file target.tsv (TSV, C-alpha atoms)
chain	number	residue	atom	x	y	z
A	1	MET	CA	-18.03	-15.35	-27.48
A	2	PRO	CA	-18.03	-16.62	-23.87
A	3	GLN	CA	-17.93	-20.42	-23.64
A	4	LYS	CA	-20.05	-20.65	-20.52
A	5	ALA	CA	-21.88	-18.45	-18.01
A	6	LEU	CA	-21.62	-19.33	-14.32
A	7	ASP	CA	-23.98	-17.99	-11.69
A	8	THR	CA	-22.75	-16.89	-8.26
A	9	PRO	CA	-24.74	-15.54	-5.29
A	10	ALA	CA	-22.67	-12.35	-5.13
A	11	VAL	CA	-20.36	-10.22	-7.25
A	12	VAL	CA	-17.05	-11.91	-8.07
A	13	THR	CA	-14.17	-9.80	-6.73
A	14	CYS	CA	-11.18	-12.00	-7.67
A	15	PHE	CA	-10.23	-15.28	-9.35
A	16	LEU	CA	-7.50	-17.84	-8.72
A	17	ALA	CA	-6.55	-21.02	-10.61
A	18	VAL	CA	-5.29	-23.73	-8.26
A	19	PRO	CA	-3.45	-26.80	-9.61
A	20	VAL	CA	-4.51	-30.15	-8.13
A	21	ILE	CA	-1.22	-31.97	-8.54
A	22	LYS	CA	-2.35	-35.51	-7.64
A	23	LYS	CA	-5.27	-35.38	-10.08
A	24	ASN	CA	-3.39	-33.41	-12.76
A	25	SER	CA	-6.24	-30.92	-12.95
A	26	PHE	CA	-7.25	-27.45	-11.81
A	27	LEU	CA	-9.74	-25.76	-9.55
A	28	VAL	CA	-10.96	-22.22	-10.07
A	29	LEU	CA	-11.60	-20.26	-6.90
A	30	ALA	CA	-13.82	-17.20	-7.13
A	31	GLY	CA	-13.76	-14.75	-4.24
A	32	LEU	CA	-17.10	-13.05	-3.74
A	33	ALA	CA	-18.19	-9.68	-2.39
A	34	ASP	CA	-19.99	-11.25	0.58
A	35	GLY	CA	-16.93	-13.16	1.81
A	36	LEU	CA	-17.78	-16.53	0.26
A	37	VAL	CA	-15.31	-18.46	-1.88
A	38	ALA	CA	-16.81	-20.46	-4.74
A	39	VAL	CA	-14.84	-23.55	-5.82
A	40	PHE	CA	-15.33	-24.66	-9.43
A	41	PRO	CA	-13.79	-27.91	-10.74
A	42	VAL	CA	-12.27	-27.55	-14.21
A	43	VAL	CA	-13.02	-30.14	-16.86
A	44	ARG	CA	-11.28	-29.88	-20.26
A	45	GLY	CA	-10.25	-26.33	-19.54
A	46	THR	CA	-13.73	-25.11	-18.60
A	47	PRO	CA	-15.14	-24.65	-15.06
A	48	LYS	CA	-18.18	-26.85	-14.34
A	49	GLU	CA	-21.46	-25.31	-13.24
A	50	SER	CA	-21.61	-27.43	-10.09
A	51	CYS	CA	-19.54	-25.79	-7.39
A	52	SER	CA	-19.06	-25.77	-3.64
A	53	TYR	CA	-18.75	-22.81	-1.31
A	54	LEU	CA	-16.44	-21.98	1.58
A	55	CYS	CA	-18.00	-19.60	4.09
A	56	SER	CA	-15.61	-17.25	5.90
A	57	HIS	CA	-18.26	-16.23	8.45
A	58	THR	CA	-19.03	-19.83	9.46
A	59	ALA	CA	-15.34	-20.72	9.77
A	60	ASN	CA	-14.63	-17.64	11.88
A	61	ARG	CA	-17.46	-18.49	14.27
A	62	SER	CA	-17.16	-22.28	14.54
A	63	LYS	CA	-13.41	-22.82	14.21
A	64	PHE	CA	-11.86	-19.60	15.47
A	65	CYS	CA	-14.51	-18.63	18.07
A	66	ILE	CA	-15.10	-15.14	16.68
A	67	PRO	CA	-18.55	-13.88	17.78
A	68	ASP	CA	-20.95	-12.31	15.29
A	69	GLU	CA	-20.65	-8.86	16.90
A	70	ASP	CA	-16.88	-8.83	16.34
A	71	ALA	CA	-15.77	-6.45	13.56
A	72	ARG	CA	-13.87	-9.33	11.97
A	73	GLN	CA	-17.24	-10.94	11.18
A	74	ASN	CA	-18.33	-8.15	8.87
A	75	PRO	CA	-19.11	-9.34	5.31
A	76	TYR	CA	-15.75	-8.36	3.84
A	77	PRO	CA	-15.27	-8.94	0.11
A	78	VAL	CA	-12.49	-11.33	-0.85
A	79	LYS	CA	-9.94	-8.96	-2.39
A	80	ALA	CA	-6.88	-11.18	-2.82
A	81	MET	CA	-5.97	-14.88	-3.02
A	82	GLU	CA	-2.64	-16.65	-3.45
A	83	VAL	CA	-1.46	-20.25	-3.86
A	84	VAL	CA	1.02	-21.10	-1.08
A	85	ASN	CA	3.16	-24.05	0.08
A	86	SER	CA	3.56	-25.73	-3.32
A	87	GLY	CA	-0.14	-25.63	-4.08
A	88	SER	CA	-1.25	-27.33	-0.88
A	89	GLU	CA	-2.85	-24.14	0.48
A	90	VAL	CA	-4.63	-20.99	-0.64
A	91	TRP	CA	-4.37	-17.87	1.50
A	92	TYR	CA	-7.10	-15.29	1.02
A	93	SER	CA	-8.14	-12.00	2.54
A	94	ASN	CA	-10.94	-11.76	5.10
A	95	GLY	CA	-11.09	-8.17	6.31
A	96	PRO	CA	-8.07	-7.53	8.56
A	97	GLY	CA	-7.19	-11.23	8.62
A	98	LEU	CA	-6.07	-14.06	6.37
A	99	LEU	CA	-7.90	-17.37	6.04
A	100	ILE	CA	-6.04	-20.46	4.85
A	101	ILE	CA	-7.68	-23.16	2.75
A	102	ASP	CA	-6.27	-26.69	2.91
A	103	CYS	CA	-6.50	-27.71	-0.75
A	104	THR	CA	-6.33	-31.46	0.00
A	105	VAL	CA	-9.71	-31.38	1.77
A	106	LEU	CA	-11.01	-28.01	0.50
A	107	ASP	CA	-11.62	-26.67	3.98
A	108	ILE	CA	-10.61	-23.55	5.89
A	109	SER	CA	-7.97	-24.71	8.36
A	110	ARG	CA	-6.31	-21.64	9.86
A	111	ARG	CA	-6.70	-17.91	10.45
A	112	LEU	CA	-3.92	-15.34	10.74
A	113	GLU	CA	-4.28	-11.81	12.14
A	114	PRO	CA	-1.82	-9.49	10.35
A	115	PHE	CA	-3.94	-6.37	10.96
A	116	ALA	CA	-6.74	-5.02	13.14
A	117	ALA	CA	-10.10	-3.61	12.05
A	118	PRO	CA	-10.92	-1.35	10.26
A	119	SER	CA	-7.92	-2.35	8.10
A	120	THR	CA	-8.55	-4.86	5.34
A	121	VAL	CA	-6.03	-6.94	3.43
A	122	THR	CA	-5.94	-5.73	-0.17
A	123	SER	CA	-3.02	-7.61	-1.73
A	124	ILE	CA	-1.15	-10.90	-1.19
A	125	VAL	CA	1.93	-12.27	-2.94
A	126	CYS	CA	4.52	-15.03	-2.43
A	127	SER	CA	8.30	-14.78	-2.77
A	128	SER	CA	11.47	-16.28	-1.28
A	129	ASP	CA	13.75	-15.07	1.49
A	130	CYS	CA	17.56	-15.16	1.51
A	131	ARG	CA	17.50	-18.85	2.47
A	132	GLY	CA	15.22	-19.77	-0.39
A	133	GLU	CA	12.26	-20.40	1.90
A	134	GLU	CA	8.80	-19.27	0.86
A	135	VAL	CA	7.37	-16.15	2.47
A	136	VAL	CA	4.00	-14.45	2.03
A	137	TRP	CA	3.59	-10.68	1.90
A	138	CYS	CA	0.28	-8.91	2.50
A	139	LEU	CA	-0.75	-5.27	2.39
A	140	ASP	CA	-3.61	-3.38	4.04
A	141	ASP	CA	-5.57	-0.23	3.18
A	142	LYS	CA	-5.59	1.66	6.50
A	143	ALA	CA	-2.40	1.08	8.50
A	144	ASN	CA	-0.50	1.22	5.19
A	145	SER	CA	1.74	-1.60	6.35
A	146	LEU	CA	3.43	-4.47	4.58
A	147	VAL	CA	3.54	-7.71	6.59
A	148	MET	CA	5.63	-10.80	5.87
A	149	TYR	CA	4.82	-14.35	7.03
A	150	HIS	CA	6.97	-17.46	6.88
A	151	SER	CA	4.61	-19.78	5.01
A	152	ALA	CA	5.81	-23.07	6.52
A	153	THR	CA	5.46	-21.95	10.15
A	154	TYR	CA	2.78	-19.24	9.78
A	155	GLN	CA	5.01	-16.94	11.82
A	156	LEU	CA	4.74	-13.19	11.32
A	157	CYS	CA	8.37	-12.24	10.78
A	158	ALA	CA	8.43	-8.64	9.50
A	159	ARG	CA	6.36	-5.49	9.26
A	160	TYR	CA	7.17	-2.34	7.29
A	161	PHE	CA	5.28	0.98	7.18
A	162	CYS	CA	4.82	2.08	3.56
A	163	GLY	CA	3.82	5.70	4.27
A	164	ASP	CA	7.31	7.18	4.62
A	165	PRO	CA	7.64	10.24	2.34
A	166	SER	CA	11.34	9.40	1.82
A	167	PRO	CA	11.62	5.62	2.13
A	168	LEU	CA	14.87	5.11	0.21
A	169	ARG	CA	17.35	3.00	2.21
A	170	ASP	CA	14.89	2.30	5.03
A	171	THR	CA	15.61	-1.03	6.71
A	172	PHE	CA	13.48	-3.29	8.88
A	173	PRO	CA	14.25	-6.50	10.82
A	174	VAL	CA	13.17	-9.95	9.66
A	175	GLN	CA	12.62	-12.59	12.33
A	176	PRO	CA	11.52	-15.86	10.67
A	177	SER	CA	11.07	-17.92	13.82
A	178	VAL	CA	10.03	-15.35	16.42
A	179	PRO	CA	6.56	-13.75	16.57
A	180	GLU	CA	6.73	-10.03	16.02
A	181	ALA	CA	5.97	-7.65	18.89
A	182	PRO	CA	3.32	-4.99	18.13
A	183	GLY	CA	4.60	-1.79	16.62
A	184	SER	CA	8.06	-3.11	15.86
A	185	HIS	CA	8.69	-1.03	12.73
A	186	ILE	CA	12.29	0.04	13.05
A	187	VAL	CA	14.25	2.28	10.68
A	188	THR	CA	17.99	1.86	10.94
A	189	SER	CA	20.98	3.03	8.97
A	190	LYS	CA	20.82	3.47	5.21
A	191	GLU	CA	24.00	2.29	3.59
A	192	PRO	CA	25.01	1.63	-0.02
A	193	GLU	CA	26.37	-1.67	-1.22
A	194	GLU	CA	29.44	-2.33	-3.35
A	195	GLU	CA	29.30	-4.37	-6.54
A	196	CYS	CA	31.28	-4.60	-9.74
A	197	ILE	CA	30.40	-2.42	-12.69
A	198	ALA	CA	29.02	-4.31	-15.66
A	199	ASP	CA	29.28	-3.41	-19.33
A	200	VAL	CA	27.05	-0.37	-19.67
A	201	SER	CA	26.33	2.49	-22.04
A	202	ILE	CA	25.20	5.92	-20.86
A	203	MET	CA	23.29	8.10	-23.33
A	204	TYR	CA	21.64	11.50	-22.98
A	205	SER	CA	19.34	13.45	-25.26
A	206	GLU	CA	17.07	16.44	-24.74
A	207	GLU	CA	14.04	14.40	-25.79
A	208	LEU	CA	14.69	11.18	-23.90
A	209	GLY	CA	16.88	12.37	-21.04
A	210	MET	CA	19.60	10.17	-19.57
A	211	GLN	CA	19.49	6.43	-20.32
A	212	ILE	CA	21.71	3.77	-18.80
A	213	LEU	CA	21.81	0.54	-20.80
A	214	THR	CA	23.33	-2.76	-19.70
A	215	HIS	CA	24.57	-5.26	-22.28
A	216	GLN	CA	24.16	-8.95	-21.52
A	217	ASP	CA	25.08	-11.18	-24.43
A	218	SER	CA	22.96	-9.61	-27.22
A	219	LEU	CA	20.23	-8.49	-24.84
A	220	THR	CA	19.98	-4.83	-23.86
A	221	ASP	CA	17.98	-3.80	-20.78
A	222	TYR	CA	16.57	-0.32	-20.45
A	223	CYS	CA	16.24	1.45	-17.13
A	224	SER	CA	12.55	2.08	-17.66
A	225	MET	CA	9.84	2.72	-20.19
A	226	SER	CA	6.61	4.68	-19.91
A	227	SER	CA	3.56	4.33	-22.13
A	228	TYR	CA	0.65	6.71	-22.29
A	229	SER	CA	-2.93	6.03	-23.26
A	230	SER	CA	-5.84	8.38	-22.80
A	231	SER	CA	-9.19	9.23	-24.22
A	232	PRO	CA	-9.26	12.41	-26.31
A	233	PRO	CA	-10.31	15.53	-24.41
A	234	HIS	CA	-13.91	16.80	-24.35
A	235	ARG	CA	-15.44	13.34	-24.69
A	236	ASP	CA	-18.21	12.21	-22.42
A	237	PRO	CA	-16.46	10.25	-19.66
A	238	ARG	CA	-19.43	7.89	-19.46
A	239	SER	CA	-19.18	6.97	-23.12
A	240	PRO	CA	-17.54	3.62	-23.99
A	241	SER	CA	-15.57	5.45	-26.68
A	242	SER	CA	-13.73	7.35	-23.96
A	243	LEU	CA	-11.88	4.22	-22.89
A	244	PRO	CA	-8.27	3.77	-24.03
A	245	SER	CA	-8.10	2.25	-27.47
A	246	SER	CA	-4.40	2.10	-28.16
A	247	LEU	CA	-0.97	2.56	-26.67
A	248	THR	CA	1.31	5.25	-28.00
A	249	SER	CA	4.85	5.87	-26.92
A	250	TYR	CA	4.94	8.62	-24.33
A	251	SER	CA	8.58	8.76	-23.36
A	252	SER	CA	11.52	6.59	-22.46
A	253	VAL	CA	13.27	8.04	-19.47
A	254	PRO	CA	15.27	6.72	-16.56
A	255	PHE	CA	13.45	6.41	-13.30
A	256	SER	CA	14.33	8.67	-10.41
A	257	THR	CA	15.63	6.87	-7.36
A	258	ASP	CA	16.31	9.82	-5.07
A	259	TYR	CA	19.68	8.13	-4.59
A	260	GLU	CA	21.66	10.75	-2.73
A	261	ASP	CA	24.80	10.32	-0.69
A	262	PRO	CA	27.11	13.14	0.47
A	263	ASP	CA	30.18	11.04	-0.34
A	264	ARG	CA	29.13	10.37	-3.91
A	265	PRO	CA	29.26	12.67	-6.94
A	266	SER	CA	25.95	14.15	-7.98
A	267	VAL	CA	24.38	13.84	-11.39
A	268	THR	CA	22.40	16.79	-12.71
A	269	SER	CA	20.33	17.38	-15.81
A	270	ASP	CA	19.32	20.47	-17.72
A	271	ARG	CA	15.76	19.18	-17.94
A	272	SER	CA	13.38	21.20	-15.82
A	273	GLU	CA	11.16	19.28	-13.43
A	274	PRO	CA	7.39	19.62	-13.87
A	275	ASP	CA	5.63	21.91	-11.45
A	276	LEU	CA	4.27	20.05	-8.47
A	277	THR	CA	0.93	21.35	-7.24
A	278	PRO	CA	0.79	21.89	-3.45
A	279	MET	CA	-1.54	19.50	-1.65
A	280	ASP	CA	-3.14	19.35	1.78
A	281	GLY	CA	-2.19	16.85	4.46
A	282	GLU	CA	-4.98	14.39	3.73
A	283	THR	CA	-4.20	14.30	0.00
A	284	PHE	CA	-0.50	13.93	0.80
A	285	ASN	CA	-1.21	10.92	3.01
A	286	GLN	CA	-3.42	9.39	0.32
A	287	HIS	CA	-0.57	9.68	-2.16
A	288	LEU	CA	1.61	7.68	0.25
A	289	GLN	CA	-0.93	4.85	0.53
A	290	ALA	CA	0.37	1.60	-0.94
A	291	VAL	CA	-1.84	0.07	-3.63
A	292	LYS	CA	-0.40	-3.37	-4.36
A	293	VAL	CA	2.44	-5.69	-3.41
A	294	LEU	CA	4.18	-7.38	-6.37
A	295	ALA	CA	6.87	-10.06	-6.53
A	296	VAL	CA	9.38	-9.06	-9.22
A	297	LYS	CA	12.26	-11.52	-9.54
A	298	ASP	CA	14.00	-11.50	-6.13
A	299	LEU	CA	12.50	-8.17	-5.04
A	300	ILE	CA	9.19	-6.80	-3.77
A	301	TRP	CA	7.68	-3.79	-5.53
A	302	VAL	CA	5.07	-1.67	-3.74
A	303	PRO	CA	3.32	0.93	-5.96
A	304	ARG	CA	1.67	3.85	-4.13
A	305	HIS	CA	-1.25	6.12	-5.08
A	306	GLY	CA	1.08	9.05	-5.70
A	307	GLY	CA	2.71	7.16	-8.56
A	308	ASP	CA	6.02	6.09	-7.04
A	309	VAL	CA	7.07	2.48	-6.46
A	310	ILE	CA	8.95	1.30	-3.37
A	311	VAL	CA	11.39	-1.52	-4.21
A	312	ILE	CA	12.33	-3.78	-1.29
A	313	GLY	CA	15.01	-6.45	-1.12
A	314	LEU	CA	15.90	-8.98	1.56
A	315	GLU	CA	19.55	-9.25	2.56
A	316	LYS	CA	21.66	-11.13	5.06
A	317	ASN	CA	22.73	-9.14	8.09
A	318	SER	CA	25.02	-10.63	10.78
A	319	GLY	CA	23.59	-14.12	10.43
A	320	ALA	CA	20.02	-12.84	10.25
A	321	GLN	CA	17.96	-11.16	7.54
A	322	ARG	CA	16.61	-7.69	7.05
A	323	GLY	CA	14.53	-5.87	4.49
A	324	ARG	CA	15.84	-2.76	2.78
A	325	VAL	CA	14.34	-0.23	0.38
A	326	ILE	CA	16.88	-0.25	-2.44
A	327	ALA	CA	15.05	2.08	-4.84
A	328	VAL	CA	12.08	4.37	-5.27
A	329	LEU	CA	10.86	4.55	-8.86
A	330	LYS	CA	9.10	7.70	-10.04
A	331	ALA	CA	7.48	8.69	-13.31
A	332	ARG	CA	7.19	12.45	-12.85
A	333	GLU	CA	5.85	12.87	-16.37
A	334	LEU	CA	2.66	11.18	-15.17
A	335	THR	CA	1.98	13.59	-12.30
A	336	SER	CA	-0.81	15.34	-14.19
A	337	HIS	CA	-2.55	12.09	-15.15
A	338	GLY	CA	-4.19	11.25	-11.84
A	339	VAL	CA	-3.40	8.68	-9.18
A	340	LEU	CA	-2.06	5.16	-9.43
A	341	VAL	CA	-5.03	2.83	-8.97
A	342	ASP	CA	-3.68	-0.62	-9.83
A	343	ALA	CA	-0.55	-2.49	-10.86
A	344	ALA	CA	0.40	-5.95	-12.09
A	345	VAL	CA	3.36	-8.04	-13.22
A	346	VAL	CA	3.05	-8.88	-16.92
A	347	ALA	CA	5.11	-11.49	-18.80
A	348	LYS	CA	7.26	-12.08	-15.69
A	349	ASP	CA	9.64	-9.18	-16.33
A	350	THR	CA	7.37	-6.18	-16.85
A	351	VAL	CA	5.41	-4.13	-14.31
A	352	VAL	CA	2.41	-2.12	-15.52
A	353	CYS	CA	0.97	0.65	-13.33
A	354	GLY	CA	-2.42	2.12	-14.22
A	355	PHE	CA	-3.21	5.79	-13.53
A	356	ALA	CA	-6.67	7.37	-13.67
A	357	ASN	CA	-7.89	10.94	-13.31
A	358	GLU	CA	-11.28	12.46	-12.53
A	359	ASN	CA	-12.29	12.42	-16.21
A	360	MET	CA	-11.77	8.64	-16.47
A	361	GLU	CA	-8.71	9.16	-18.66
A	362	TRP	CA	-6.21	6.36	-18.20
A	363	CYS	CA	-2.45	6.30	-18.44
A	364	LEU	CA	-0.15	3.28	-18.21
A	365	ALA	CA	3.41	3.39	-16.92
A	366	VAL	CA	5.43	0.35	-17.95
A	367	TRP	CA	8.56	-0.55	-15.99
A	368	ARG	CA	11.11	-3.19	-16.83
A	369	GLY	CA	10.98	-5.67	-13.96
A	370	TRP	CA	14.44	-5.39	-12.47
A	371	GLY	CA	15.87	-7.65	-9.79
A	372	ALA	CA	18.60	-6.91	-7.25
A	373	ARG	CA	21.44	-7.44	-9.75
A	374	GLU	CA	20.02	-4.96	-12.27
A	375	PHE	CA	19.64	-2.29	-9.59
A	376	ASP	CA	23.22	-2.90	-8.40
A	377	ILE	CA	24.44	-2.38	-11.96
A	378	PHE	CA	22.40	0.81	-12.25
A	379	TYR	CA	23.78	2.32	-9.05
A	380	GLN	CA	27.35	1.44	-9.93
A	381	SER	CA	26.85	2.94	-13.38
A	382	TYR	CA	25.35	6.05	-11.78
A	383	GLU	CA	28.47	6.43	-9.64
A	384	GLU	CA	30.73	5.90	-12.63
A	385	LEU	CA	28.85	8.57	-14.57
A	386	GLY	CA	29.34	10.98	-11.67
A	387	ARG	CA	33.06	10.27	-11.56
A	388	LEU	CA	33.33	10.82	-15.31
A	389	GLU	CA	31.56	14.18	-15.00
A	390	VAL	CA	33.88	15.25	-12.17
A	391	CYS	CA	36.94	14.30	-14.24
A	392	THR	CA	35.57	16.23	-17.24
A	393	ARG	CA	35.05	19.36	-15.15
A	394	LYS	CA	38.56	19.15	-13.73
A	395	ARG	CA	40.03	18.93	-17.22
A	396	ARG	CA	38.16	22.09	-18.24
call {"tool": "encode", "arguments": {"input": "target.tsv", "output": "structure tokens"}}
result
Amino acid sequence: MPQKALDTPAVVTCFLAVPVIKKNSFLVLAGLADGLVAVFPVVRGTPKESCSYLCSHTANRSKFCIPDEDARQNPYPVKAMEVVNSGSEVWYSNGPGLLIIDCTVLDISRRLEPFAAPSTVTSIVCSSDCRGEEVVWCLDDKANSLVMYHSATYQLCARYFCGDPSPLRDTFPVQPSVPEAPGSHIVTSKEPEEECIADVSIMYSEELGMQILTHQDSLTDYCSMSSYSSSPPHRDPRSPSSLPSSLTSYSSVPFSTDYEDPDRPSVTSDRSEPDLTPMDGETFNQHLQAVKVLAVKDLIWVPRHGGDVIVIGLEKNSGAQRGRVIAVLKARELTSHGVLVDAAVVAKDTVVCGFANENMEWCLAVWRGWGAREFDIFYQSYEELGRLEVCTRKRR
């Protein structure tokens, strides 16, 4: 049973728990559909009924001189919030912009402009760059761009377009201290990296396909895992009984990374690929639209509507930094189960992607949350497997 019911003037679109370090307590922030942010103090683990409100519209007009007729003053729902700068700030979405709450005084103190209307910020996440400094990533729903800010200086330092049909090994510049010029998305060379090969096992079966396992002390990591859950066919999609009720194992297969290099041996499989239904240009572009930005260990994962996941890492480059797409994860078995509609990091090392089709049938793809080291091991193992296959063919 619910412990308490709290009334708000509009539909709640997102929640965020904010630690108040000096008082050893928490605040609960509720983003609302009309752009307000409700602030609830927490007493003994339960939000109090008395709350205060932060008004995005008032702050835009009085502090940032944005007139009412400006598109940025539309009543945008708060879609994403994130605790930044060691809990001293909360960044939240306000249409194409970001508003920053100073948690010490509970007031909106700054506005950033990562995008232009009609784009709206849909996802925000924090991570660290190569120097260990905090950065904030945000994603929009129209330009399909990923933007990175340096949290301490509020400088926009990188922008990457997520709609590339073949993004593997794309790179983009990172400029922490210099404001970014408009339209500075640059794609440069795509080069592999060299690392040592760890202790791995490579297994193949007709049912499960090829699996590459790494052994670390008594812990074994799998390349990926998919889970499938769906309502039985012919049920009324409006019926509550049509919702997923359990998870059953669908398959355990390695992800596809489209990792191709003319100087490297190729790896083939006897498994036939599922038929891909042709789609028009608009549907194709929708499949390339990024859904969420997730911080997974030292990497950024960007799931897209089509079901693939762009994996981005930051690396040092001639004294500077750059971003690079190090992998593209695909679960082709899920092609017939609709589009990817949401994703989240679960238990710190697992990424769950939710698919839905027109009949309200749901399917969950579960990925092991790999960092840069795990992907390096995978690629080196992939190369080693190719070399072993070449040697085997020569012996025949």
call {"tool": "atom_distance", "arguments": {"input": "target.tsv", "atom1": "CA of Ser86 in chain A", "atom2": "CA of Leu27 in chain A"}}
result
14.7 Å
call {"tool": "atom_distance", "arguments": {"input": "target.tsv", "atom1": "CA of Gln175 in chain A", "atom2": "CA of Ala320 in chain A"}}
result
7.7 Å
call {"tool": "closest_residue", "arguments": {"input": "target.tsv", "among": "A:Ser52, A:Ser145, A:Ala80, A:Phe115", "to": "Leu16 in chain A", "atoms": "all atoms listed in the file"}}
result
A:Ala80
call {"tool": "residues_around", "arguments": {"input": "target.tsv", "residues": "Ala71 in chain A", "least_positions_apart": "3", "cutoff": "12 Å", "atoms": "all atoms listed in the file", "output": "count of residues only"}}
result
17
call {"tool": "residues_around", "arguments": {"input": "target.tsv", "residues": "Pro173 in chain A", "least_positions_apart": "2", "cutoff": "8 Å", "atoms": "only C-alpha atoms", "output": "JSON, numbers by chain"}}
result
{"A": [158, 171, 175, 186, 321, 322, 323]}
call {"tool": "closest_residue", "arguments": {"input": "target.tsv", "among": "A:Cys391, A:Cys55, A:Val105, A:Val18", "to": "Val84 in chain A", "atoms": "all atoms listed in the file"}}
result
A:Val18
call {"tool": "atom_distance", "arguments": {"input": "target.tsv", "atom1": "CA of Pro303 in chain A", "atom2": "CA of Ser93 in chain A"}}
result
19.3 Å
call {"tool": "axis_aligned_box", "arguments": {"input": "target.tsv", "around": "range 364-380 of chain A", "padding_each_side": "5 Å", "output": "JSON"}}
result
{"center_x": 13.6, "center_y": -2.1, "center_z": -12.7, "size_x": 37.5, "size_y": 21.0, "size_z": 21.0}
call {"tool": "closest_residue", "arguments": {"input": "target.tsv", "among": "A:Lys79, A:Lys297, A:Arg159, A:Arg368", "to": "Cys126 in chain A", "atoms": "only C-alpha atoms"}}
result
A:Lys297
call {"tool": "residues_around", "arguments": {"input": "target.tsv", "residues": "Val11 in chain A", "least_positions_apart": "6", "cutoff": "10 Å", "atoms": "all atoms listed in the file", "output": "list in words"}}
result
Ala30, Gly31, Leu32, Ala33, Asp34 and Pro77 of chain A
call {"tool": "closest_residue", "arguments": {"input": "target.tsv", "among": "A:Phe172, A:Val302, A:Pro47, A:Arg387", "to": "Ile124 in chain A", "atoms": "only C-alpha atoms"}}
result
A:Val302
call {"tool": "closest_residue", "arguments": {"input": "target.tsv", "among": "A:Asp7, A:Glu389, A:Glu133, A:Glu361", "to": "Ser151 in chain A", "atoms": "all atoms listed in the file"}}
result
A:Glu133
